[in-house]
>>> print(open('start14.cif').read())   # mmCIF, C-alpha atoms
data_start
#
loop_
_atom_site.group_PDB
_atom_site.id
_atom_site.type_symbol
_atom_site.label_atom_id
_atom_site.label_comp_id
_atom_site.auth_asym_id
_atom_site.auth_seq_id
_atom_site.Cartn_x
_atom_site.Cartn_y
_atom_site.Cartn_z
ATOM 1 C CA MET A 1 42.439 -19.868 -62.548
ATOM 2 C CA LYS A 2 42.819 -21.576 -65.908
ATOM 3 C CA LEU A 3 42.720 -19.297 -68.960
ATOM 4 C CA THR A 4 41.661 -20.636 -72.358
ATOM 5 C CA VAL A 5 41.705 -18.576 -75.558
ATOM 6 C CA LYS A 6 39.986 -20.135 -78.581
ATOM 7 C CA ASN A 7 40.110 -18.849 -82.164
ATOM 8 C CA LEU A 8 40.500 -15.212 -81.131
ATOM 9 C CA ASN A 9 40.368 -12.656 -83.961
ATOM 10 C CA PHE A 10 41.113 -8.956 -84.127
ATOM 11 C CA ALA A 11 42.000 -6.546 -86.957
ATOM 12 C CA TYR A 12 42.820 -2.842 -87.213
ATOM 13 C CA ALA A 13 41.168 -1.474 -90.379
ATOM 14 C CA ASP A 14 42.635 -3.708 -93.102
ATOM 15 C CA GLN A 15 45.446 -5.168 -90.927
ATOM 16 C CA GLU A 16 44.634 -8.522 -89.327
ATOM 17 C CA VAL A 17 46.606 -8.877 -86.107
ATOM 18 C CA LEU A 18 45.075 -11.893 -84.359
ATOM 19 C CA HIS A 19 43.716 -14.753 -86.463
ATOM 20 C CA ASP A 20 42.186 -17.829 -84.825
ATOM 21 C CA LEU A 21 44.629 -17.505 -81.920
ATOM 22 C CA SER A 22 44.271 -20.361 -79.433
ATOM 23 C CA PHE A 23 46.209 -21.330 -76.297
ATOM 24 C CA GLU A 24 45.765 -22.308 -72.659
ATOM 25 C CA ILE A 25 47.408 -21.223 -69.419
ATOM 26 C CA GLY A 26 47.036 -23.502 -66.430
ATOM 27 C CA ASP A 27 46.054 -22.405 -62.947
ATOM 28 C CA GLY A 28 49.050 -20.704 -61.318
ATOM 29 C CA GLU A 29 51.176 -20.927 -64.467
ATOM 30 C CA PHE A 30 53.505 -18.135 -65.635
ATOM 31 C CA VAL A 31 53.500 -17.786 -69.440
ATOM 32 C CA SER A 32 55.385 -15.184 -71.480
ATOM 33 C CA ILE A 33 54.673 -14.047 -75.023
ATOM 34 C CA LEU A 34 57.509 -13.078 -77.346
ATOM 35 C CA GLY A 35 57.368 -12.012 -80.963
ATOM 36 C CA PRO A 36 58.248 -9.294 -83.465
ATOM 37 C CA SER A 37 56.783 -5.804 -83.166
ATOM 38 C CA GLY A 38 53.234 -5.640 -84.490
ATOM 39 C CA CYS A 39 52.490 -9.336 -84.035
ATOM 40 C CA GLY A 40 49.610 -8.663 -81.635
ATOM 41 C CA LYS A 41 51.156 -9.138 -78.188
ATOM 42 C CA SER A 42 49.747 -5.984 -76.604
ATOM 43 C CA THR A 43 46.559 -6.256 -78.658
ATOM 44 C CA LEU A 44 45.928 -9.632 -77.045
ATOM 45 C CA LEU A 45 46.198 -8.160 -73.551
ATOM 46 C CA ASN A 46 43.948 -5.268 -74.538
ATOM 47 C CA VAL A 47 41.307 -7.722 -75.747
ATOM 48 C CA LEU A 48 41.531 -9.860 -72.606
ATOM 49 C CA SER A 49 41.323 -6.793 -70.352
ATOM 50 C CA GLY A 50 38.296 -5.409 -72.215
ATOM 51 C CA ILE A 51 39.993 -2.339 -73.686
ATOM 52 C CA LEU A 52 39.344 -3.804 -77.157
ATOM 53 C CA LEU A 53 36.443 -6.016 -78.181
ATOM 54 C CA PRO A 54 37.299 -9.283 -79.942
ATOM 55 C CA GLN A 55 36.007 -9.705 -83.489
ATOM 56 C CA GLY A 56 35.711 -13.455 -83.193
ATOM 57 C CA GLY A 57 36.544 -16.350 -80.927
ATOM 58 C CA ALA A 58 36.030 -16.795 -77.206
ATOM 59 C CA VAL A 59 37.807 -16.557 -73.853
ATOM 60 C CA TYR A 60 37.198 -18.973 -70.988
ATOM 61 C CA ILE A 61 38.167 -18.944 -67.333
ATOM 62 C CA ASP A 62 37.929 -22.372 -65.714
ATOM 63 C CA GLU A 63 35.920 -23.530 -68.767
ATOM 64 C CA VAL A 64 33.321 -20.752 -68.326
ATOM 65 C CA PRO A 65 33.069 -18.169 -71.171
ATOM 66 C CA VAL A 66 33.849 -14.593 -70.143
ATOM 67 C CA LYS A 67 33.816 -11.205 -71.823
ATOM 68 C CA GLY A 68 36.691 -8.722 -71.814
ATOM 69 C CA GLY A 69 37.026 -6.645 -68.701
ATOM 70 C CA ASP A 70 35.888 -9.481 -66.456
ATOM 71 C CA GLY A 71 36.868 -8.691 -62.855
ATOM 72 C CA ARG A 72 39.105 -11.747 -62.747
ATOM 73 C CA PHE A 73 41.699 -10.018 -64.958
ATOM 74 C CA ALA A 74 44.136 -7.436 -63.573
ATOM 75 C CA TYR A 75 46.038 -5.472 -66.221
ATOM 76 C CA MET A 76 49.392 -3.773 -65.617
ATOM 77 C CA PRO A 77 50.764 -1.745 -68.554
ATOM 78 C CA GLN A 78 54.358 -0.676 -69.131
ATOM 79 C CA ASN A 79 53.883 2.786 -67.622
ATOM 80 C CA ASP A 80 53.107 2.843 -63.909
ATOM 81 C CA LEU A 81 50.178 5.289 -64.450
ATOM 82 C CA LEU A 82 50.440 6.615 -60.893
ATOM 83 C CA PHE A 83 48.723 9.941 -60.292
ATOM 84 C CA PRO A 84 51.469 12.418 -59.267
ATOM 85 C CA TRP A 85 49.132 14.368 -56.969
ATOM 86 C CA LYS A 86 48.129 11.307 -54.955
ATOM 87 C CA THR A 87 50.191 9.566 -52.284
ATOM 88 C CA ILE A 88 51.434 6.041 -52.912
ATOM 89 C CA LEU A 89 48.800 4.673 -50.531
ATOM 90 C CA ASP A 90 46.015 6.524 -52.350
ATOM 91 C CA ASN A 91 47.373 5.407 -55.730
ATOM 92 C CA VAL A 92 47.453 1.713 -54.877
ATOM 93 C CA CYS A 93 43.943 1.898 -53.398
ATOM 94 C CA LEU A 94 42.214 3.330 -56.480
ATOM 95 C CA TYR A 95 40.358 0.077 -57.126
ATOM 96 C CA GLY A 96 38.874 0.155 -53.630
ATOM 97 C CA GLU A 97 37.888 3.781 -54.037
ATOM 98 C CA ILE A 98 36.071 3.055 -57.293
ATOM 99 C CA HIS A 99 34.282 0.040 -55.839
ATOM 100 C CA HIS A 100 33.472 1.629 -52.482
ATOM 101 C CA ARG A 101 35.906 -0.535 -50.533
ATOM 102 C CA LYS A 102 38.385 2.197 -49.708
ATOM 103 C CA LYS A 103 38.679 1.544 -45.960
ATOM 104 C CA GLU A 104 39.234 -2.214 -46.299
ATOM 105 C CA MET A 105 41.672 -1.786 -49.191
ATOM 106 C CA ARG A 106 43.743 0.801 -47.322
ATOM 107 C CA GLN A 107 44.111 -1.668 -44.480
ATOM 108 C CA GLU A 108 45.137 -4.425 -46.886
ATOM 109 C CA ALA A 109 47.546 -2.108 -48.718
ATOM 110 C CA ARG A 110 49.274 -1.091 -45.479
ATOM 111 C CA SER A 111 49.694 -4.753 -44.545
ATOM 112 C CA GLN A 112 51.288 -5.487 -47.961
ATOM 113 C CA MET A 113 53.685 -2.516 -48.157
ATOM 114 C CA ALA A 114 56.625 -4.402 -46.652
ATOM 115 C CA ARG A 115 56.159 -7.410 -48.972
ATOM 116 C CA PHE A 116 56.353 -5.067 -51.956
ATOM 117 C CA GLY A 117 59.370 -3.189 -50.607
ATOM 118 C CA LEU A 118 57.354 -0.030 -49.990
ATOM 119 C CA LYS A 119 57.305 0.169 -46.194
ATOM 120 C CA GLY A 120 57.581 3.817 -45.172
ATOM 121 C CA CYS A 121 56.454 5.062 -48.588
ATOM 122 C CA GLU A 122 52.728 5.208 -47.825
ATOM 123 C CA ASN A 123 52.585 9.011 -47.645
ATOM 124 C CA LYS A 124 55.172 9.774 -50.294
ATOM 125 C CA TYR A 125 54.302 10.899 -53.811
ATOM 126 C CA PRO A 126 55.354 9.136 -57.051
ATOM 127 C CA GLY A 127 57.859 11.873 -57.852
ATOM 128 C CA GLU A 128 59.748 11.024 -54.678
ATOM 129 C CA LEU A 129 60.313 7.386 -55.671
ATOM 130 C CA SER A 130 62.658 5.660 -58.127
ATOM 131 C CA GLY A 131 61.338 3.993 -61.252
ATOM 132 C CA GLY A 132 61.619 0.564 -59.674
ATOM 133 C CA MET A 133 59.741 1.658 -56.569
ATOM 134 C CA ARG A 134 56.958 3.148 -58.695
ATOM 135 C CA GLN A 135 56.647 -0.145 -60.589
ATOM 136 C CA ARG A 136 56.355 -1.981 -57.283
ATOM 137 C CA ALA A 137 53.554 0.372 -56.305
ATOM 138 C CA ALA A 138 51.841 -0.263 -59.646
ATOM 139 C CA PHE A 139 52.130 -4.011 -59.106
ATOM 140 C CA LEU A 140 50.707 -3.712 -55.583
ATOM 141 C CA ARG A 141 47.759 -1.803 -57.061
ATOM 142 C CA THR A 142 47.332 -4.668 -59.554
ATOM 143 C CA THR A 143 47.334 -7.376 -56.886
ATOM 144 C CA LEU A 144 44.832 -5.483 -54.730
ATOM 145 C CA CYS A 145 42.264 -5.935 -57.509
ATOM 146 C CA GLU A 146 41.926 -9.502 -56.177
ATOM 147 C CA ALA A 147 41.946 -10.871 -59.714
ATOM 148 C CA GLY A 148 43.045 -14.431 -60.411
ATOM 149 C CA ILE A 149 44.808 -13.656 -63.702
ATOM 150 C CA TYR A 150 47.462 -10.964 -64.132
ATOM 151 C CA LEU A 151 48.135 -9.426 -67.551
ATOM 152 C CA LEU A 152 51.555 -7.754 -67.571
ATOM 153 C CA ASP A 153 52.553 -5.685 -70.604
ATOM 154 C CA GLU A 154 56.300 -4.936 -70.538
ATOM 155 C CA PRO A 155 56.054 -3.856 -66.870
ATOM 156 C CA PHE A 156 59.821 -3.258 -66.591
ATOM 157 C CA GLY A 157 60.477 -2.057 -70.129
ATOM 158 C CA ALA A 158 61.127 1.559 -69.143
ATOM 159 C CA LEU A 159 63.669 0.708 -66.431
ATOM 160 C CA ASP A 160 67.453 0.700 -66.690
ATOM 161 C CA VAL A 161 69.222 -2.668 -66.992
ATOM 162 C CA ILE A 162 70.256 -2.991 -63.334
ATOM 163 C CA THR A 163 66.878 -1.924 -61.936
ATOM 164 C CA ARG A 164 65.125 -4.206 -64.406
ATOM 165 C CA SER A 165 67.225 -7.153 -63.254
ATOM 166 C CA ASP A 166 66.396 -6.373 -59.624
ATOM 167 C CA MET A 167 62.688 -6.148 -60.456
ATOM 168 C CA GLN A 168 62.791 -9.493 -62.260
ATOM 169 C CA GLU A 169 64.262 -11.097 -59.133
ATOM 170 C CA TRP A 170 61.579 -9.450 -57.025
ATOM 171 C CA LEU A 171 58.773 -10.557 -59.358
ATOM 172 C CA LYS A 172 60.084 -14.133 -59.531
ATOM 173 C CA ASP A 173 60.073 -14.447 -55.742
ATOM 174 C CA LEU A 174 56.745 -12.671 -55.354
ATOM 175 C CA CYS A 175 54.978 -14.836 -57.941
ATOM 176 C CA THR A 176 56.117 -17.966 -56.119
ATOM 177 C CA LYS A 177 54.243 -16.688 -53.069
ATOM 178 C CA LEU A 178 51.187 -15.265 -54.846
ATOM 179 C CA LYS A 179 50.520 -18.396 -56.961
ATOM 180 C CA LYS A 180 48.547 -16.441 -59.573
ATOM 181 C CA THR A 181 48.041 -17.168 -63.265
ATOM 182 C CA ILE A 182 50.244 -14.709 -65.166
ATOM 183 C CA LEU A 183 50.504 -13.733 -68.828
ATOM 184 C CA LEU A 184 53.541 -11.532 -69.520
ATOM 185 C CA VAL A 185 54.217 -9.689 -72.774
ATOM 186 C CA THR A 186 57.886 -8.840 -73.207
ATOM 187 C CA HIS A 187 60.561 -8.114 -75.799
ATOM 188 C CA ASP A 188 63.265 -9.339 -73.423
ATOM 189 C CA THR A 189 64.216 -12.953 -74.198
ATOM 190 C CA ASP A 190 66.192 -13.350 -70.977
ATOM 191 C CA GLU A 191 63.240 -12.064 -68.961
ATOM 192 C CA ALA A 192 60.961 -14.637 -70.563
ATOM 193 C CA ILE A 193 63.413 -17.497 -70.003
ATOM 194 C CA TYR A 194 64.076 -16.515 -66.389
ATOM 195 C CA LEU A 195 60.480 -15.992 -65.258
ATOM 196 C CA SER A 196 58.314 -18.327 -67.332
ATOM 197 C CA ASP A 197 57.009 -21.847 -67.096
ATOM 198 C CA ARG A 198 56.312 -21.631 -70.830
ATOM 199 C CA ILE A 199 57.074 -19.197 -73.647
ATOM 200 C CA LEU A 200 54.717 -18.642 -76.586
ATOM 201 C CA ILE A 201 56.414 -17.157 -79.645
ATOM 202 C CA LEU A 202 54.092 -15.313 -82.016
ATOM 203 C CA GLY A 203 54.863 -14.930 -85.703
ATOM 204 C CA ALA A 204 53.919 -12.134 -88.088
ATOM 205 C CA PRO A 205 50.550 -10.375 -87.635
ATOM 206 C CA GLY A 206 47.757 -12.913 -88.047
ATOM 207 C CA GLU A 207 50.139 -15.879 -88.092
ATOM 208 C CA GLY A 208 49.548 -16.980 -84.515
ATOM 209 C CA ILE A 209 51.858 -19.069 -82.339
ATOM 210 C CA ARG A 210 54.986 -20.279 -84.117
ATOM 211 C CA ARG A 211 56.473 -22.228 -81.257
ATOM 212 C CA GLU A 212 55.816 -23.122 -77.634
ATOM 213 C CA ILE A 213 58.827 -23.617 -75.359
ATOM 214 C CA THR A 214 58.646 -25.160 -71.894
ATOM 215 C CA ILE A 215 61.233 -24.147 -69.302
ATOM 216 C CA HIS A 216 61.771 -27.201 -67.112
ATOM 217 C CA GLU A 217 64.407 -25.806 -64.740
ATOM 218 C CA GLN A 218 62.870 -24.996 -61.357
ATOM 219 C CA ASN A 219 65.942 -23.727 -59.493
ATOM 220 C CA ARG A 220 66.759 -20.749 -61.712
ATOM 221 C CA THR A 221 69.646 -18.438 -60.924
ATOM 222 C CA ARG A 222 71.404 -15.713 -62.904
ATOM 223 C CA GLU A 223 74.293 -18.120 -63.422
ATOM 224 C CA TRP A 224 71.865 -20.651 -64.926
ATOM 225 C CA LEU A 225 70.380 -17.942 -67.160
ATOM 226 C CA TYR A 226 73.818 -16.944 -68.473
ATOM 227 C CA GLU A 227 74.321 -20.550 -69.616
ATOM 228 C CA GLN A 228 71.189 -20.550 -71.806
ATOM 229 C CA GLY A 229 72.956 -19.252 -74.899
ATOM 230 C CA SER A 230 71.670 -21.977 -77.198
ATOM 231 C CA LEU A 231 68.068 -21.479 -76.059
ATOM 232 C CA ARG A 232 68.406 -17.725 -76.446
ATOM 233 C CA ALA A 233 69.771 -18.167 -79.969
ATOM 234 C CA GLU A 234 66.968 -20.583 -80.901
ATOM 235 C CA ILE A 235 64.292 -18.164 -79.698
ATOM 236 C CA HIS A 236 65.932 -15.332 -81.636
ATOM 237 C CA ARG A 237 66.007 -17.479 -84.778
ATOM 238 C CA ILE A 238 62.309 -18.349 -84.448
ATOM 239 C CA ILE A 239 61.326 -14.700 -83.973
ATOM 240 C CA LYS A 240 63.417 -13.513 -86.941
ATOM 241 C CA THR A 241 62.200 -16.237 -89.330
ATOM 242 C CA LYS A 242 59.912 -14.809 -92.005
ATOM 243 C CA SER A 243 56.457 -16.256 -92.631
ATOM 244 C CA GLY A 244 56.617 -19.386 -94.760
ATOM 245 C CA GLU A 245 60.249 -20.105 -93.934
ATOM 246 C CA LYS A 246 61.372 -22.975 -91.721
#
>>> encode(input="start14.cif", output="structure tokens")
Amino acid sequence: MKLTVKNLNFAYADQEVLHDLSFEIGDGEFVSILGPSGCGKSTLLNVLSGILLPQGGAVYIDEVPVKGGDGRFAYMPQNDLLFPWKTILDNVCLYGEIHHRKKEMRQEARSQMARFGLKGCENKYPGELSGGMRQRAAFLRTTLCEAGIYLLDEPFGALDVITRSDMQEWLKDLCTKLKKTILLVTHDTDEAIYLSDRILILGAPGEGIRREITIHEQNRTREWLYEQGSLRAEIHRIIKTKSGEK
């Protein structure tokens, strides 16, 4: 699915966060958003998911206007939000339970457990799993929504460095197979470089997109990532530049 955002606006009280924000994400494209704290990264995902209502502008999927909360968006926040009293299988099937498709979704979830590295965890509880395993369960729950566009808000931000690296590898391989349109919000420059087709760098609140960077390398490895020092430094410089400076 192709996502188009045109002239999107949102403000908290007297603080404008999004001002005439416009961009496109192609069908099956992986795009990351970087930027300083408070620039509107998470606000954007909240607007797209329907948690917040836009105060101007429009959102289109495949050229058709949609409102926030459209069933074609699946939103995964930083915290896994798994219910501790429910088994992993019950947690990942919440969407089916809400929409009266519990039986079919349980069957689908069982068939996907191995792909998500959760085989044998169906009847375990969140407290019995590692942080990385819980995030895999949260991502499985997201994919079972059958949405065409995934909104990921720092999904690995709470994990330790080694687990986070492992989860990035897992997500990179999984996304190649899923072929979904993905918008990732992150503070991790390396994560954005490693996973993305394009990176959008937001400026100060209300400023919008300062720079768009395309990652052309298709055969990405950790060794390749370690060699991207100049790109990493350029992204850092763009993020740290104050409004009005060049």
>>> resolve_selection(input="start14.cif", expression="the PyMOL selection byres ((chain A and resi 203-219) around 6)", output="JSON, numbers by chain")
{"A": [16, 17, 18, 19, 21, 39, 197, 198, 199, 200, 201, 202, 220]}
>>> closest_residue(input="start14.cif", among="A:Gly50, A:Gly28, A:Pro155, A:Gly57", to="Asn9 (chain A)", atoms="all atoms listed in the file")
A:Gly57
>>> atom_distance(input="start14.cif", atom1="CA of Gln15 (chain A)", atom2="CA of Asp153 (chain A)")
21.5 Å
>>> resolve_selection(input="start14.cif", expression="the PyMOL selection byres ((chain A and resi 154) around 10)", output="list in words")
Ser42, Met76, Pro77, Gln78, Asn79, Leu151, Leu152, Asp153, Pro155, Phe156, Gly157, Ala158, Leu184, Val185, Thr186, His187 and Asp188 of chain A
>>> write_last_selection(input="start14.cif", atoms="C-alpha atoms", output="PDB file, in the coordinates of the input")
ATOM      1  CA  SER A  42      49.747  -5.984 -76.604  1.00  0.00           C
ATOM      2  CA  MET A  76      49.392  -3.773 -65.617  1.00  0.00           C
ATOM      3  CA  PRO A  77      50.764  -1.745 -68.554  1.00  0.00           C
ATOM      4  CA  GLN A  78      54.358  -0.676 -69.131  1.00  0.00           C
ATOM      5  CA  ASN A  79      53.883   2.786 -67.622  1.00  0.00           C
ATOM      6  CA  LEU A 151      48.135  -9.426 -67.551  1.00  0.00           C
ATOM      7  CA  LEU A 152      51.555  -7.754 -67.571  1.00  0.00           C
ATOM      8  CA  ASP A 153      52.553  -5.685 -70.604  1.00  0.00           C
ATOM      9  CA  PRO A 155      56.054  -3.856 -66.870  1.00  0.00           C
ATOM     10  CA  PHE A 156      59.821  -3.258 -66.591  1.00  0.00           C
ATOM     11  CA  GLY A 157      60.477  -2.057 -70.129  1.00  0.00           C
ATOM     12  CA  ALA A 158      61.127   1.559 -69.143  1.00  0.00           C
ATOM     13  CA  LEU A 184      53.541 -11.532 -69.520  1.00  0.00           C
ATOM     14  CA  VAL A 185      54.217  -9.689 -72.774  1.00  0.00           C
ATOM     15  CA  THR A 186      57.886  -8.840 -73.207  1.00  0.00           C
ATOM     16  CA  HIS A 187      60.561  -8.114 -75.799  1.00  0.00           C
ATOM     17  CA  ASP A 188      63.265  -9.339 -73.423  1.00  0.00           C
TER      18      ASP A 188
END
>>> resolve_selection(input="start14.cif", expression="the PyMOL selection byres ((chain A and resi 47) around 10)", output="list in words")
Leu8, Asn9, Phe10, Ser42, Thr43, Leu44, Leu45, Asn46, Leu48, Ser49, Gly50, Ile51, Leu52, Leu53, Pro54, Gln55, Val59, Lys67, Gly68 and Gly69 of chain A
>>> axis_aligned_box(input="start14.cif", around="region 70-83 of chain A", padding_each_side="8 Å", output="lines of an AutoDock Vina configuration file")
center_x = 45.1
center_y = -0.9
center_z = -64.7
size_x = 34.5
size_y = 37.7
size_z = 24.8
>>> closest_residue(input="start14.cif", among="A:Arg134, A:Arg115, A:Lys177, A:Lys103", to="Ile88 (chain A)", atoms="all atoms listed in the file")
A:Arg134
>>> atom_distance(input="start14.cif", atom1="CA of Lys102 (chain A)", atom2="CA of Gly132 (chain A)")
25.3 Å
>>> residues_around(input="start14.cif", residues="region 163-170 of chain A", least_positions_apart="2", cutoff="10 Å", atoms="only C-alpha atoms", output="JSON, numbers by chain")
{"A": [115, 116, 117, 130, 131, 132, 133, 135, 136, 155, 156, 157, 158, 159, 160, 161, 172, 173, 174, 175, 190, 191, 192, 194, 195, 221, 222]}
>>> write_last_selection(input="start14.cif", atoms="C-alpha atoms", output="PDB file, in the frame of the given file")
ATOM      1  CA  ARG A 115      56.159  -7.410 -48.972  1.00  0.00           C
ATOM      2  CA  PHE A 116      56.353  -5.067 -51.956  1.00  0.00           C
ATOM      3  CA  GLY A 117      59.370  -3.189 -50.607  1.00  0.00           C
ATOM      4  CA  SER A 130      62.658   5.660 -58.127  1.00  0.00           C
ATOM      5  CA  GLY A 131      61.338   3.993 -61.252  1.00  0.00           C
ATOM      6  CA  GLY A 132      61.619   0.564 -59.674  1.00  0.00           C
ATOM      7  CA  MET A 133      59.741   1.658 -56.569  1.00  0.00           C
ATOM      8  CA  GLN A 135      56.647  -0.145 -60.589  1.00  0.00           C
ATOM      9  CA  ARG A 136      56.355  -1.981 -57.283  1.00  0.00           C
ATOM     10  CA  PRO A 155      56.054  -3.856 -66.870  1.00  0.00           C
ATOM     11  CA  PHE A 156      59.821  -3.258 -66.591  1.00  0.00           C
ATOM     12  CA  GLY A 157      60.477  -2.057 -70.129  1.00  0.00           C
ATOM     13  CA  ALA A 158      61.127   1.559 -69.143  1.00  0.00           C
ATOM     14  CA  LEU A 159      63.669   0.708 -66.431  1.00  0.00           C
ATOM     15  CA  ASP A 160      67.453   0.700 -66.690  1.00  0.00           C
ATOM     16  CA  VAL A 161      69.222  -2.668 -66.992  1.00  0.00           C
ATOM     17  CA  LYS A 172      60.084 -14.133 -59.531  1.00  0.00           C
ATOM     18  CA  ASP A 173      60.073 -14.447 -55.742  1.00  0.00           C
ATOM     19  CA  LEU A 174      56.745 -12.671 -55.354  1.00  0.00           C
ATOM     20  CA  CYS A 175      54.978 -14.836 -57.941  1.00  0.00           C
ATOM     21  CA  ASP A 190      66.192 -13.350 -70.977  1.00  0.00           C
ATOM     22  CA  GLU A 191      63.240 -12.064 -68.961  1.00  0.00           C
ATOM     23  CA  ALA A 192      60.961 -14.637 -70.563  1.00  0.00           C
ATOM     24  CA  TYR A 194      64.076 -16.515 -66.389  1.00  0.00           C
ATOM     25  CA  LEU A 195      60.480 -15.992 -65.258  1.00  0.00           C
ATOM     26  CA  THR A 221      69.646 -18.438 -60.924  1.00  0.00           C
ATOM     27  CA  ARG A 222      71.404 -15.713 -62.904  1.00  0.00           C
TER      28      ARG A 222
END
>>> atom_distance(input="start14.cif", atom1="CA of Gly229 (chain A)", atom2="CA of Thr189 (chain A)")
10.8 Å
>>> residues_around(input="start14.cif", residues="Lys86 (chain A)", least_positions_apart="6", cutoff="10 Å", atoms="only C-alpha atoms", output="PDB file with C-alpha atoms, in the frame of the given file")
ATOM      1  CA  VAL A  92      47.453   1.713 -54.877  1.00  0.00           C
ATOM      2  CA  ASN A 123      52.585   9.011 -47.645  1.00  0.00           C
ATOM      3  CA  LYS A 124      55.172   9.774 -50.294  1.00  0.00           C
ATOM      4  CA  TYR A 125      54.302  10.899 -53.811  1.00  0.00           C
ATOM      5  CA  PRO A 126      55.354   9.136 -57.051  1.00  0.00           C
TER       6      PRO A 126
END
>>> closest_residue(input="start14.cif", among="A:Asn7, A:Ser37, A:Ser32, A:Ser22", to="Gly56 (chain A)", atoms="all atoms listed in the file")
A:Asn7
>>> residues_around(input="start14.cif", residues="Ile61 (chain A)", least_positions_apart="2", cutoff="12 Å", atoms="all atoms listed in the file", output="number ranges by chain")
A: 1-6, 24-27, 48, 58-59, 63-68, 70-73, 147-149, 181
>>> closest_residue(input="start14.cif", among="A:Tyr95, A:Tyr60, A:Trp224, A:Phe139", to="Leu118 (chain A)", atoms="only C-alpha atoms")
A:Phe139
>>> closest_residue(input="start14.cif", among="A:Ala109, A:Ala114, A:Ile193, A:Ala74", to="Phe30 (chain A)", atoms="only C-alpha atoms")
A:Ile193
